[in-house]
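As stored in coords_16.txt (compact mmCIF, C-alpha atoms):
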```txt
# COMPACT_ATOMS: atom_id res chain seq x y z
CA MET A 25 52.69 -5.07 65.04
CA THR A 26 48.99 -5.03 64.29
CA THR A 27 46.79 -2.09 65.15
CA MET A 28 43.03 -1.90 65.51
CA THR A 29 42.60 1.04 63.15
CA PRO A 30 43.74 0.52 59.61
CA ASP A 31 46.17 3.13 58.34
CA ALA A 32 45.28 5.57 55.59
CA GLY A 33 46.89 3.44 52.90
CA THR A 34 44.75 0.42 53.73
CA GLN A 35 41.64 2.57 53.88
CA ASP A 36 42.45 3.98 50.45
CA GLU A 37 42.97 0.49 49.16
CA ALA A 38 39.63 -0.62 50.57
CA ALA A 39 37.85 2.35 48.99
CA HIS A 40 39.50 1.61 45.64
CA GLU A 41 38.54 -2.02 45.84
CA ALA A 42 34.97 -1.18 46.74
CA ARG A 43 34.72 1.13 43.74
CA PHE A 44 36.27 -1.53 41.47
CA ASN A 45 33.83 -4.17 42.69
CA ALA A 46 30.87 -1.83 42.26
CA THR A 47 31.93 -1.01 38.70
CA VAL A 48 32.23 -4.69 37.79
CA ALA A 49 28.95 -5.55 39.55
CA ALA A 50 27.15 -2.78 37.62
CA ASP A 51 28.43 -4.39 34.40
CA GLU A 52 30.42 -1.30 33.57
CA ARG A 53 33.89 -1.51 32.08
CA ILE A 54 37.24 -1.10 33.83
CA GLU A 55 39.54 1.19 31.84
CA PRO A 56 43.37 1.25 31.79
CA ARG A 57 43.94 4.07 34.27
CA ASP A 58 41.39 2.85 36.82
CA TRP A 59 42.60 1.22 40.00
CA MET A 60 42.36 -2.58 39.78
CA PRO A 61 43.48 -5.46 42.02
CA ASP A 62 46.96 -6.75 41.14
CA ALA A 63 45.58 -10.24 40.62
CA TYR A 64 42.98 -8.93 38.14
CA ARG A 65 45.72 -7.20 36.17
CA ALA A 66 47.96 -10.27 36.21
CA SER A 67 45.13 -12.58 35.22
CA LEU A 68 44.19 -10.34 32.27
CA VAL A 69 47.79 -10.05 31.07
CA ARG A 70 48.11 -13.84 31.19
CA GLN A 71 44.87 -14.42 29.29
CA ILE A 72 45.31 -11.63 26.70
CA ALA A 73 48.94 -12.62 26.06
CA GLN A 74 48.04 -16.27 25.57
CA HIS A 75 45.31 -15.16 23.22
CA ALA A 76 47.68 -12.86 21.26
CA HIS A 77 50.30 -15.60 21.01
CA SER A 78 47.65 -17.99 19.67
CA GLU A 79 46.79 -15.54 16.91
CA ILE A 80 50.33 -15.19 15.65
CA ILE A 81 51.31 -18.84 16.09
CA GLY A 82 48.05 -19.70 14.35
CA MET A 83 49.39 -18.03 11.21
CA GLN A 84 51.84 -20.90 10.71
CA PRO A 85 49.64 -23.94 10.04
CA GLU A 86 47.61 -21.98 7.51
CA ALA A 87 50.45 -20.06 5.87
CA ASN A 88 51.80 -23.55 5.21
CA TRP A 89 49.22 -23.84 2.39
CA ILE A 90 49.39 -20.39 0.76
CA THR A 91 51.80 -21.43 -1.98
CA ARG A 92 49.80 -24.59 -2.69
CA ALA A 93 46.25 -23.15 -2.73
CA PRO A 94 44.34 -24.77 -5.61
CA SER A 95 43.14 -21.51 -7.19
CA LEU A 96 43.92 -17.80 -7.17
CA ARG A 97 40.60 -17.18 -5.41
CA ARG A 98 41.47 -19.57 -2.59
CA LYS A 99 44.97 -18.16 -2.37
CA ALA A 100 43.79 -14.56 -2.04
CA ILE A 101 41.31 -15.62 0.65
CA LEU A 102 43.97 -17.51 2.60
CA ILE A 103 46.45 -14.63 2.44
CA ALA A 104 43.75 -12.26 3.74
CA LYS A 105 42.93 -14.66 6.55
CA VAL A 106 46.55 -15.09 7.66
CA GLN A 107 46.99 -11.31 7.53
CA ASP A 108 43.91 -10.96 9.75
CA GLU A 109 45.48 -13.29 12.32
CA ALA A 110 48.53 -11.01 12.47
CA GLY A 111 46.20 -8.07 12.95
CA HIS A 112 44.33 -9.85 15.73
CA GLY A 113 47.63 -10.52 17.47
CA LEU A 114 48.44 -6.81 17.30
CA TYR A 115 45.04 -5.69 18.67
CA LEU A 116 45.59 -8.03 21.60
CA TYR A 117 49.21 -7.06 22.30
CA SER A 118 47.98 -3.44 22.36
CA ALA A 119 45.27 -4.37 24.85
CA ALA A 120 47.87 -6.09 27.06
CA GLU A 121 50.12 -3.05 26.80
CA THR A 122 47.41 -0.86 28.38
CA LEU A 123 47.96 -3.02 31.49
CA GLY A 124 51.64 -2.13 31.58
CA THR A 125 53.22 -5.14 29.86
CA GLY A 126 54.67 -4.36 26.44
CA ARG A 127 54.78 -6.47 23.32
CA ASP A 128 58.53 -7.11 23.49
CA GLU A 129 58.24 -8.53 26.97
CA LEU A 130 55.33 -10.78 25.98
CA LEU A 131 57.09 -12.03 22.84
CA ASP A 132 60.10 -12.79 24.97
CA ARG A 133 57.93 -14.84 27.33
CA LEU A 134 56.53 -16.73 24.34
CA HIS A 135 59.94 -17.37 22.80
CA THR A 136 61.37 -18.66 26.07
CA GLY A 137 58.38 -20.92 26.76
CA ARG A 138 57.18 -18.99 29.82
CA GLN A 139 53.80 -18.29 28.21
CA ARG A 140 51.58 -20.54 26.15
CA TYR A 141 49.40 -20.35 23.10
CA SER A 142 46.35 -22.47 22.33
CA SER A 143 47.25 -26.16 22.17
CA ILE A 144 45.30 -26.54 18.92
CA PHE A 145 48.12 -24.98 16.88
CA ASN A 146 50.44 -27.83 17.76
CA TYR A 147 48.61 -30.06 15.30
CA PRO A 148 49.79 -30.20 11.67
CA THR A 149 47.79 -29.17 8.59
CA LEU A 150 48.41 -32.26 6.48
CA THR A 151 46.17 -31.65 3.45
CA TRP A 152 44.38 -28.77 1.73
CA ALA A 153 41.17 -29.90 3.43
CA ASP A 154 42.77 -29.02 6.77
CA VAL A 155 42.55 -25.36 5.78
CA GLY A 156 38.79 -25.86 5.58
CA ALA A 157 38.58 -27.81 8.83
CA VAL A 158 40.64 -25.19 10.66
CA GLY A 159 38.34 -22.44 9.40
CA TRP A 160 35.13 -24.26 10.23
CA LEU A 161 36.05 -25.99 13.50
CA VAL A 162 39.02 -24.13 15.00
CA ASP A 163 37.77 -20.66 14.13
CA GLY A 164 34.26 -21.80 14.97
CA ALA A 165 35.36 -22.86 18.45
CA ALA A 166 37.33 -19.64 18.81
CA ILE A 167 34.24 -17.58 17.92
CA THR A 168 32.11 -19.49 20.45
CA ASN A 169 34.75 -18.67 23.06
CA GLN A 170 35.23 -15.08 21.97
CA VAL A 171 31.74 -13.72 21.46
CA PRO A 172 31.12 -13.55 25.25
CA LEU A 173 34.52 -11.85 25.64
CA CYS A 174 33.11 -8.83 23.77
CA ARG A 175 31.35 -8.11 27.10
CA CYS A 176 34.44 -8.71 29.22
CA SER A 177 34.85 -6.30 32.15
CA TYR A 178 38.14 -4.89 30.86
CA GLY A 179 37.37 -2.24 28.22
CA PRO A 180 40.38 -2.52 25.87
CA TYR A 181 40.13 -6.34 25.75
CA ALA A 182 36.39 -6.20 25.07
CA ARG A 183 36.90 -3.64 22.28
CA ALA A 184 39.63 -5.74 20.67
CA MET A 185 37.30 -8.74 20.79
CA VAL A 186 34.53 -6.85 19.01
CA ARG A 187 36.85 -6.19 16.06
CA ILE A 188 38.18 -9.75 16.10
CA CYS A 189 34.76 -11.40 16.18
CA LYS A 190 33.59 -9.33 13.22
CA GLU A 191 36.59 -10.50 11.23
CA GLU A 192 36.53 -14.14 12.39
CA SER A 193 33.14 -14.63 10.82
CA PHE A 194 34.66 -14.60 7.34
CA HIS A 195 37.32 -17.06 8.50
CA GLN A 196 34.75 -19.58 9.56
CA ARG A 197 32.58 -19.19 6.47
CA GLN A 198 35.45 -19.56 4.02
CA GLY A 199 36.44 -22.78 5.79
CA TYR A 200 32.92 -24.14 5.61
CA GLU A 201 32.62 -23.24 1.93
CA LEU A 202 35.97 -24.89 1.20
CA LEU A 203 34.92 -28.12 2.93
CA LEU A 204 31.57 -28.09 1.15
CA ALA A 205 33.31 -27.83 -2.24
CA LEU A 206 35.50 -30.82 -1.36
CA SER A 207 32.66 -32.82 0.14
CA GLN A 208 30.62 -32.41 -3.05
CA GLY A 209 33.64 -33.06 -5.27
CA THR A 210 35.20 -36.34 -6.34
CA GLU A 211 35.28 -39.35 -4.08
CA ALA A 212 38.90 -38.65 -3.20
CA GLN A 213 38.11 -35.00 -2.36
CA HIS A 214 35.20 -36.05 -0.18
CA ALA A 215 37.44 -38.53 1.64
CA MET A 216 40.04 -35.81 2.16
CA ALA A 217 37.44 -33.51 3.72
CA GLN A 218 36.18 -36.29 6.00
CA ASP A 219 39.72 -37.15 7.09
CA ALA A 220 40.46 -33.52 8.00
CA VAL A 221 37.26 -33.27 10.05
CA ASN A 222 38.10 -36.55 11.78
CA ARG A 223 41.47 -35.21 12.87
CA TRP A 224 40.36 -31.70 13.91
CA TRP A 225 37.12 -32.50 15.75
CA TRP A 226 38.49 -33.65 19.11
CA PRO A 227 41.31 -31.09 19.37
CA SER A 228 38.68 -28.39 18.64
CA LEU A 229 36.60 -29.59 21.59
CA MET A 230 39.71 -29.37 23.76
CA MET A 231 40.07 -25.68 22.83
CA PHE A 232 37.46 -24.82 25.46
CA GLY A 233 39.87 -25.93 28.15
CA PRO A 234 39.62 -28.55 30.91
CA PRO A 235 36.25 -29.60 32.36
CA ASP A 236 34.73 -27.12 34.82
CA ASP A 237 35.69 -29.10 37.92
CA GLU A 238 39.37 -29.02 36.89
CA SER A 239 39.65 -25.49 35.56
CA GLY A 240 41.86 -23.51 37.91
CA HIS A 241 41.26 -19.94 36.75
CA SER A 242 37.58 -20.13 35.91
CA THR A 243 35.82 -19.23 39.16
CA GLN A 244 37.79 -16.04 39.77
CA SER A 245 37.58 -15.03 36.09
CA MET A 246 33.82 -15.41 36.18
CA ALA A 247 33.56 -13.38 39.39
CA TRP A 248 35.56 -10.60 37.71
CA ARG A 249 33.36 -10.90 34.63
CA ILE A 250 36.36 -11.51 32.43
CA LYS A 251 34.74 -14.79 31.57
CA ARG A 252 30.96 -15.13 31.20
CA HIS A 253 30.38 -18.85 30.65
CA SER A 254 32.08 -22.00 31.87
CA ASN A 255 34.28 -24.19 29.64
CA ASP A 256 31.76 -27.02 29.55
CA GLU A 257 28.89 -24.67 28.79
CA LEU A 258 30.70 -23.24 25.76
CA ARG A 259 31.84 -26.68 24.61
CA GLN A 260 28.23 -27.91 24.69
CA ARG A 261 27.09 -24.86 22.74
CA PHE A 262 29.74 -25.56 20.09
CA VAL A 263 28.77 -29.23 19.71
CA ASP A 264 25.10 -28.27 19.34
CA ILE A 265 26.01 -25.76 16.63
CA CYS A 266 28.29 -28.15 14.72
CA VAL A 267 26.10 -31.24 14.48
CA PRO A 268 23.58 -29.80 11.97
CA GLN A 269 26.38 -27.97 10.13
CA ALA A 270 28.22 -31.26 9.61
CA LYS A 271 25.05 -32.79 8.26
CA SER A 272 24.69 -29.99 5.69
CA LEU A 273 28.29 -30.60 4.68
CA GLY A 274 27.54 -34.24 4.07
CA LEU A 275 30.28 -35.19 6.53
CA THR A 276 30.20 -37.05 9.84
CA LEU A 277 31.75 -36.21 13.20
CA PRO A 278 34.10 -38.91 14.56
CA ASP A 279 32.17 -39.68 17.73
CA PRO A 280 30.07 -42.89 17.97
CA ASP A 281 28.49 -41.62 21.21
CA LEU A 282 27.10 -38.46 19.65
CA SER A 283 23.32 -38.39 20.09
CA TRP A 284 20.48 -35.99 20.76
CA ASP A 285 19.31 -35.95 24.36
CA GLU A 286 15.61 -35.15 24.29
CA GLU A 287 15.50 -34.34 27.98
CA ARG A 288 18.44 -31.92 28.15
CA GLU A 289 17.75 -30.59 24.66
CA HIS A 290 21.45 -30.89 23.96
CA HIS A 291 23.70 -33.31 22.13
CA THR A 292 25.46 -35.86 24.28
CA PHE A 293 29.02 -36.55 23.19
CA GLY A 294 31.72 -39.08 24.03
CA PRO A 295 34.58 -38.66 26.51
CA ILE A 296 37.44 -36.34 25.58
CA ASP A 297 40.99 -37.71 25.79
CA TRP A 298 42.34 -35.24 28.34
CA GLU A 299 45.61 -37.11 28.56
CA GLU A 300 46.30 -36.11 24.94
CA PHE A 301 45.46 -32.50 25.85
CA ARG A 302 47.89 -32.55 28.78
CA GLU A 303 50.60 -34.13 26.64
CA VAL A 304 50.29 -31.38 24.02
CA LEU A 305 50.36 -28.73 26.78
CA ARG A 306 53.50 -30.36 28.16
CA GLY A 307 55.14 -29.73 24.82
CA ASN A 308 54.74 -33.20 23.35
CA GLY A 309 52.25 -32.40 20.59
CA PRO A 310 53.14 -33.14 16.96
CA CYS A 311 54.35 -29.58 16.18
CA ASN A 312 55.24 -27.82 19.47
CA GLU A 313 58.93 -27.51 18.73
CA GLN A 314 58.48 -26.52 15.12
CA ARG A 315 56.01 -23.72 15.93
CA ILE A 316 58.23 -22.06 18.52
CA SER A 317 61.44 -22.45 16.57
CA GLN A 318 59.79 -20.96 13.46
CA ARG A 319 58.51 -18.05 15.55
CA ARG A 320 61.95 -17.41 17.02
CA THR A 321 63.60 -17.59 13.61
CA ALA A 322 61.07 -15.15 12.12
CA HIS A 323 61.70 -12.76 15.01
CA GLU A 324 65.48 -12.97 14.74
CA GLU A 325 65.57 -12.76 10.97
CA GLY A 326 63.29 -9.75 11.04
CA ALA A 327 65.56 -7.88 13.44
CA TRP A 328 67.37 -6.01 10.69
CA VAL A 329 64.06 -4.58 9.40
CA ARG A 330 63.21 -3.22 12.84
CA GLU A 331 66.71 -1.81 13.24
CA ALA A 332 66.72 -0.20 9.79
CA ALA A 333 63.35 1.45 10.38
CA ALA A 334 64.46 2.82 13.75
CA GLU A 335 67.74 4.05 12.27
CA TYR A 336 65.92 5.77 9.40
CA ALA A 337 63.54 7.46 11.82
CA ALA A 338 66.45 8.69 13.97
CA LYS A 339 68.24 10.11 10.92
CA GLN A 340 65.10 11.89 9.73
CA VAL A 341 64.79 13.59 13.10
CA GLN A 342 68.46 14.57 13.00
CA GLN A 343 68.15 15.97 9.48
CA GLN A 344 65.10 18.01 10.39
CA ARG A 345 66.92 19.47 13.37
CA HIS A 346 69.88 20.30 11.15
CA THR A 347 67.71 22.06 8.55
CA ARG A 348 66.00 24.05 11.28
CA GLU A 349 69.35 25.18 12.70
CA GLU A 350 70.44 26.28 9.23
CA ASP A 351 67.22 28.22 8.78
CA ILE A 352 67.83 30.04 12.03
CA ALA A 353 71.46 30.78 11.08
CA MET B 24 67.88 -2.36 19.05
CA SER B 25 64.38 -3.69 19.66
CA THR B 26 60.86 -2.43 19.05
CA THR B 27 60.91 -1.07 22.59
CA ASP B 28 62.53 1.91 20.95
CA TRP B 29 59.56 2.35 18.66
CA PRO B 30 57.15 4.82 20.22
CA LEU B 31 53.48 4.01 20.76
CA TRP B 32 50.95 5.83 18.57
CA GLU B 33 47.23 6.28 19.07
CA VAL B 34 45.22 5.81 15.90
CA PHE B 35 42.07 7.76 15.00
CA VAL B 36 40.01 6.81 11.97
CA ARG B 37 37.34 8.78 10.08
CA SER B 38 35.02 6.15 8.68
CA ARG B 39 33.29 8.43 6.17
CA ARG B 40 32.82 12.05 5.22
CA GLY B 41 30.73 13.96 7.71
CA LEU B 42 31.87 11.97 10.73
CA SER B 43 34.67 12.87 13.12
CA HIS B 44 37.78 10.76 13.67
CA THR B 45 37.27 8.08 16.31
CA HIS B 46 39.88 6.30 18.39
CA ALA B 47 40.52 2.89 16.82
CA GLY B 48 43.45 1.62 18.89
CA SER B 49 47.19 1.93 19.13
CA LEU B 50 50.34 0.56 17.53
CA HIS B 51 54.12 0.80 17.55
CA ALA B 52 56.05 2.45 14.71
CA PRO B 53 59.44 4.11 14.35
CA ASP B 54 58.08 7.34 12.87
CA ALA B 55 54.86 9.09 11.86
CA ALA B 56 54.97 7.94 8.23
CA MET B 57 55.34 4.30 9.23
CA ALA B 58 52.69 4.73 11.90
CA LEU B 59 50.24 5.87 9.19
CA ARG B 60 51.07 2.92 6.97
CA ASN B 61 50.82 0.43 9.80
CA ALA B 62 47.54 1.99 10.88
CA ARG B 63 46.17 1.59 7.36
CA ASP B 64 47.12 -2.10 7.35
CA LEU B 65 45.92 -2.73 10.87
CA TYR B 66 42.72 -0.71 11.20
CA THR B 67 41.35 -0.25 7.67
CA ARG B 68 41.73 -3.68 6.01
CA ARG B 69 38.02 -3.66 5.21
CA SER B 70 37.59 -0.05 4.06
CA GLU B 71 36.78 1.14 7.59
CA GLY B 72 38.31 4.54 6.94
CA ILE B 73 38.92 7.37 4.50
CA SER B 74 41.26 9.33 6.76
CA ILE B 75 43.64 8.43 9.59
CA TRP B 76 45.32 10.47 12.32
CA VAL B 77 48.23 9.10 14.32
CA VAL B 78 49.33 10.81 17.53
CA PRO B 79 52.28 9.86 19.76
CA SER B 80 50.69 8.42 22.91
CA THR B 81 53.02 10.50 25.06
CA GLU B 82 51.51 13.69 23.56
CA ILE B 83 48.08 12.95 25.00
CA THR B 84 47.15 14.60 28.28
CA ALA B 85 44.33 12.81 30.05
CA SER B 86 42.17 13.65 33.03
CA SER B 87 42.90 11.52 36.06
CA PRO B 88 40.48 8.71 36.90
CA ASP B 89 41.21 9.29 40.61
CA GLU B 90 39.63 12.72 40.61
CA LYS B 91 36.91 11.94 38.13
CA ASP B 92 34.13 12.74 40.58
CA SER B 93 35.38 16.16 41.62
CA PHE B 94 36.58 16.98 38.11
CA PHE B 95 33.21 16.45 36.50
CA ASP B 96 31.13 17.56 39.50
CA PRO B 97 30.44 21.08 38.25
CA ALA B 98 28.16 19.74 35.52
CA ALA B 99 26.29 17.35 37.77
CA ASP B 100 24.00 19.87 39.51
CA LYS B 101 22.97 21.93 36.48
CA PRO B 102 19.99 20.16 34.99
CA TYR B 103 18.79 23.55 33.69
CA ARG B 104 21.32 23.13 30.88
CA HIS B 105 19.03 20.52 29.34
CA PRO B 106 15.88 21.42 27.40
CA THR B 107 13.88 18.80 29.31
CA PHE B 108 14.31 20.88 32.51
CA TYR B 109 11.64 23.36 31.37
CA GLU B 110 7.91 22.85 31.59
CA ILE B 111 6.03 24.16 28.60
CA PRO B 112 2.22 24.23 28.46
CA GLU B 113 0.68 21.57 26.27
CA GLY B 114 -0.15 22.69 22.77
CA VAL B 115 2.73 25.11 22.42
CA ARG B 116 4.47 24.09 19.21
CA HIS B 117 7.89 24.48 17.61
CA LEU B 118 9.62 24.93 20.98
```

Write out the structure in this file as structure tokens.
Amino acid sequence: MTTMTPDAGTQDEAAHEARFNATVAADERIEPRDWMPDAYRASLVRQIAQHAHSEIIGMQPEANWITRAPSLRRKAILIAKVQDEAGHGLYLYSAAETLGTGRDELLDRLHTGRQRYSSIFNYPTLTWADVGAVGWLVDGAAITNQVPLCRCSYGPYARAMVRICKEESFHQRQGYELLLALSQGTEAQHAMAQDAVNRWWWPSLMMFGPPDDESGHSTQSMAWRIKRHSNDELRQRFVDICVPQAKSLGLTLPDPDLSWDEEREHHTFGPIDWEEFREVLRGNGPCNEQRISQRRTAHEEGAWVREAAAEYAAKQVQQQRHTREEDIA
Amino acid sequence: MSTTDWPLWEVFVRSRRGLSHTHAGSLHAPDAAMALRNARDLYTRRSEGISIWVVPSTEITASSPDEKDSFFDPAADKPYRHPTFYEIPEGVRHL
């Protein structure tokens, strides 16, 4: 039965929602214990989890080259970078946990294919130059995406992003430096750098997600100020940044349609193969299966470490209690 | 056993002498010693700290966001607690 006067619960709800909307509209941050709409919470958990998963899956294509880095300097840099990615995953799982969904649950969703990670990590790193291309283009695209997230309406996510963006800057620069060294090296090294850029360019553009008119979550995310710019806007920004950087590298970008549009004051670029993007999302990218099975194996094979640590902690507590009882006796 | 059994810890980092510890984030660890080590690896990879505190999250008592208006109200109508409340004639110095 419907009544004309809303009951107290509904009125409370309305007051909460009004306060939430006012906070977001005033560009203030929502904090974990504040009331928030269920859909806002769910949307954040989905986005933060996907982001966290991308960080830890992203460790794989790069860790692939640690043992084969061409110098101790490059090896130390790569280890530090891969360790950073693990750290970024942890910051983000912590941020998701403030919304009530723990890390174990999220990892379980990843391992059982119920949640995704960025499609970019389903491409293989075939040569050493790929480490450079990943740093320059993949981390570069990630930074373009992430800088606006530092002002996201949810406090813990925004704070995690501030830390991550600070650290990503080194990731991108080491990649650029690596590619520059190859580009200015022997003919074969130059060709290797160009080949890596050719393969990573288009997938990097896909990292910004589907075009605005096909992006399902965007409008609501922008209204909630989780997201600040549209996919196409960020993609354009990235292309504009990369074109002169490629020139300084002495490398080309694999797009015959790339040109400067005097009127728009932006670069025009060729059509993106969205069918490839959808195929990779469907699980048919070159490395989808390998990435998830490696993640599962790492998790399962690490179980004994987690168990041993928990067991040790439990015994320490027991021993302390025992000593205390003896002291009293 | 899974990491669900590992309690959550809040991490506070002192970035340099003379500053207080500031909340950096949280992490899971089986005990306090491991929490400290994990915190070092997670929050001070670039020399961001010279001292770390870890506190079990369950040990923190927080004010409720629902009553934040009434809880902090008492301070709201006492502008005379601020030096700018007082009018001092021009030219009076060191005040």

Against chain B, which residues of chain A fall within 8 Å? For each one I want the closest pair of atoms and the distance in Å (one decimal), counting all atoms listed in the file, rows by chain and increasing residue number, as a tab-separated table.
```
residue	atom	partner	partner_atom	distance
A:Arg57	CA	B:Pro88	CA	6.4
A:Asp58	CA	B:Pro88	CA	5.9
A:Gly111	CA	B:Leu65	CA	5.7
A:Leu114	CA	B:Leu50	CA	7.6
A:Tyr115	CA	B:Gly48	CA	7.5
A:Ser118	CA	B:Ser49	CA	6.3
A:Asp128	CA	B:Thr27	CA	6.6
A:Ala327	CA	B:Ser25	CA	7.6
A:Arg330	CA	B:Thr26	CA	6.7
A:Glu331	CA	B:Met24	CA	6.0
A:Ala333	CA	B:Pro53	CA	6.2
A:Ala334	CA	B:Pro53	CA	5.2
A:Ala337	CA	B:Asp54	CA	5.6
```

Test item: residues at most 12 Å from Gln269 of chain A, all atoms listed in the file, excluding those fewer than 4 positions along its chain, as a PyMOL selection string: chain A and resi 160-161+164+196-197+200-201+203-204+262-265+273-277

Contact residues around Trp76 of chain B with only C-alpha atoms at 9 Å, ignoring same-chain residues under 6 positions, as a PyMOL selection string: chain B and resi 33-37+44+59+62

For the residues in the current selection, export C-alpha atoms as a compact mmCIF listing (two decimals), in the coordinates of the input.
```txt
# COMPACT_ATOMS: atom_id res chain seq x y z
CA GLU B 33 47.23 6.28 19.07
CA VAL B 34 45.22 5.81 15.90
CA PHE B 35 42.07 7.76 15.00
CA VAL B 36 40.01 6.81 11.97
CA ARG B 37 37.34 8.78 10.08
CA HIS B 44 37.78 10.76 13.67
CA LEU B 59 50.24 5.87 9.19
CA ALA B 62 47.54 1.99 10.88
```

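Of the residues under consideration (A:Asn146, A:Thr122, A:Thr210, A:Ser177), A:Asn146 shows the shortest atom-to-atom contact distance to Ile81 of chain A when counting only C-alpha atoms.
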
Long-range neighbours of Leu305 of chain A as JSON, numbers by chain, 10 Å cut-off, all atoms listed in the file, 4 positions minimum in chain: {"A": [140, 141, 142, 143, 144, 146, 299, 300, 301, 309, 312]}

Residue contacts of segment 232-238 of chain A (8 Å, all atoms listed in the file) excluding same-chain residues fewer than 6 positions away, as a list in words: Ala165, Asn169, Ser254, Asn255, Asp256, Leu258, Arg259 and Trp298 of chain A

Spatial neighbours of Glu191 of chain A, max dist 9 Å, only C-alpha atoms, sep filter under 6 positions, as number ranges by chain: A: 105, 108, 112

Atom-to-atom span, atom CA of Gly124 of chain A and atom CA of Gln107 of chain A, Å: 26.2 Å

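Here atom CA of Ala220 of chain A stands at a distance of 5.2 Å from atom CA of Asp154 of chain A.
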
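Relative to atom CA of Ile167 of chain A, atom CA of Ile103 of chain A is found at 19.9 Å.
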
Within 7 Å of file point (38.1, -0.7, 34.1), counting all atoms listed in the file, expressed as a ChimeraX atom specification: /A:53-56,58,177-179

Dump of C-alpha atoms for the selected residues, as a compact mmCIF listing (two decimals), in the coordinates of the input:
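To be explicit, this is the file written out as again_12.txt:
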```
# COMPACT_ATOMS: atom_id res chain seq x y z
CA ARG A 53 33.89 -1.51 32.08
CA ILE A 54 37.24 -1.10 33.83
CA GLU A 55 39.54 1.19 31.84
CA PRO A 56 43.37 1.25 31.79
CA ASP A 58 41.39 2.85 36.82
CA SER A 177 34.85 -6.30 32.15
CA TYR A 178 38.14 -4.89 30.86
CA GLY A 179 37.37 -2.24 28.22
```

For segment 273-284 of chain A, which lacks atoms in the input, supply N, CA, C and O atoms and format the output as a short mmCIF file (atom, residue, chain, number, x, y, z; two decimals), in the coordinates of the input.
```cif
data_model
loop_
_atom_site.label_atom_id
_atom_site.label_comp_id
_atom_site.auth_asym_id
_atom_site.auth_seq_id
_atom_site.Cartn_x
_atom_site.Cartn_y
_atom_site.Cartn_z
N LEU A 273 27.06 -30.39 5.45
CA LEU A 273 28.29 -30.60 4.68
C LEU A 273 28.32 -31.97 4.03
O LEU A 273 29.09 -32.22 3.11
N GLY A 274 27.48 -32.86 4.54
CA GLY A 274 27.54 -34.24 4.07
C GLY A 274 28.71 -35.00 4.68
O GLY A 274 29.20 -35.97 4.12
N LEU A 275 29.16 -34.54 5.84
CA LEU A 275 30.28 -35.19 6.53
C LEU A 275 29.81 -35.65 7.91
O LEU A 275 28.81 -35.16 8.44
N THR A 276 30.56 -36.58 8.50
CA THR A 276 30.20 -37.05 9.84
C THR A 276 31.22 -36.56 10.85
O THR A 276 32.35 -36.21 10.49
N LEU A 277 30.83 -36.56 12.12
CA LEU A 277 31.75 -36.21 13.20
C LEU A 277 32.22 -37.52 13.83
O LEU A 277 31.42 -38.43 14.03
N PRO A 278 33.52 -37.62 14.14
CA PRO A 278 34.10 -38.91 14.56
C PRO A 278 33.81 -39.26 16.01
O PRO A 278 34.73 -39.38 16.82
N ASP A 279 32.53 -39.37 16.35
CA ASP A 279 32.17 -39.68 17.73
C ASP A 279 30.96 -40.61 17.73
O ASP A 279 29.83 -40.18 17.49
N PRO A 280 31.17 -41.91 18.01
CA PRO A 280 30.07 -42.89 17.97
C PRO A 280 29.02 -42.62 19.06
O PRO A 280 27.89 -43.08 18.95
N ASP A 281 29.42 -41.87 20.10
CA ASP A 281 28.49 -41.62 21.21
C ASP A 281 27.61 -40.39 20.99
O ASP A 281 26.78 -40.06 21.85
N LEU A 282 27.83 -39.70 19.89
CA LEU A 282 27.10 -38.46 19.65
C LEU A 282 25.62 -38.75 19.43
O LEU A 282 25.26 -39.51 18.53
N SER A 283 24.76 -38.16 20.28
CA SER A 283 23.32 -38.39 20.09
C SER A 283 22.55 -37.22 20.69
O SER A 283 23.07 -36.48 21.54
N TRP A 284 21.32 -37.09 20.25
CA TRP A 284 20.48 -35.99 20.76
C TRP A 284 19.80 -36.42 22.05
O TRP A 284 19.18 -37.49 22.10
#
```
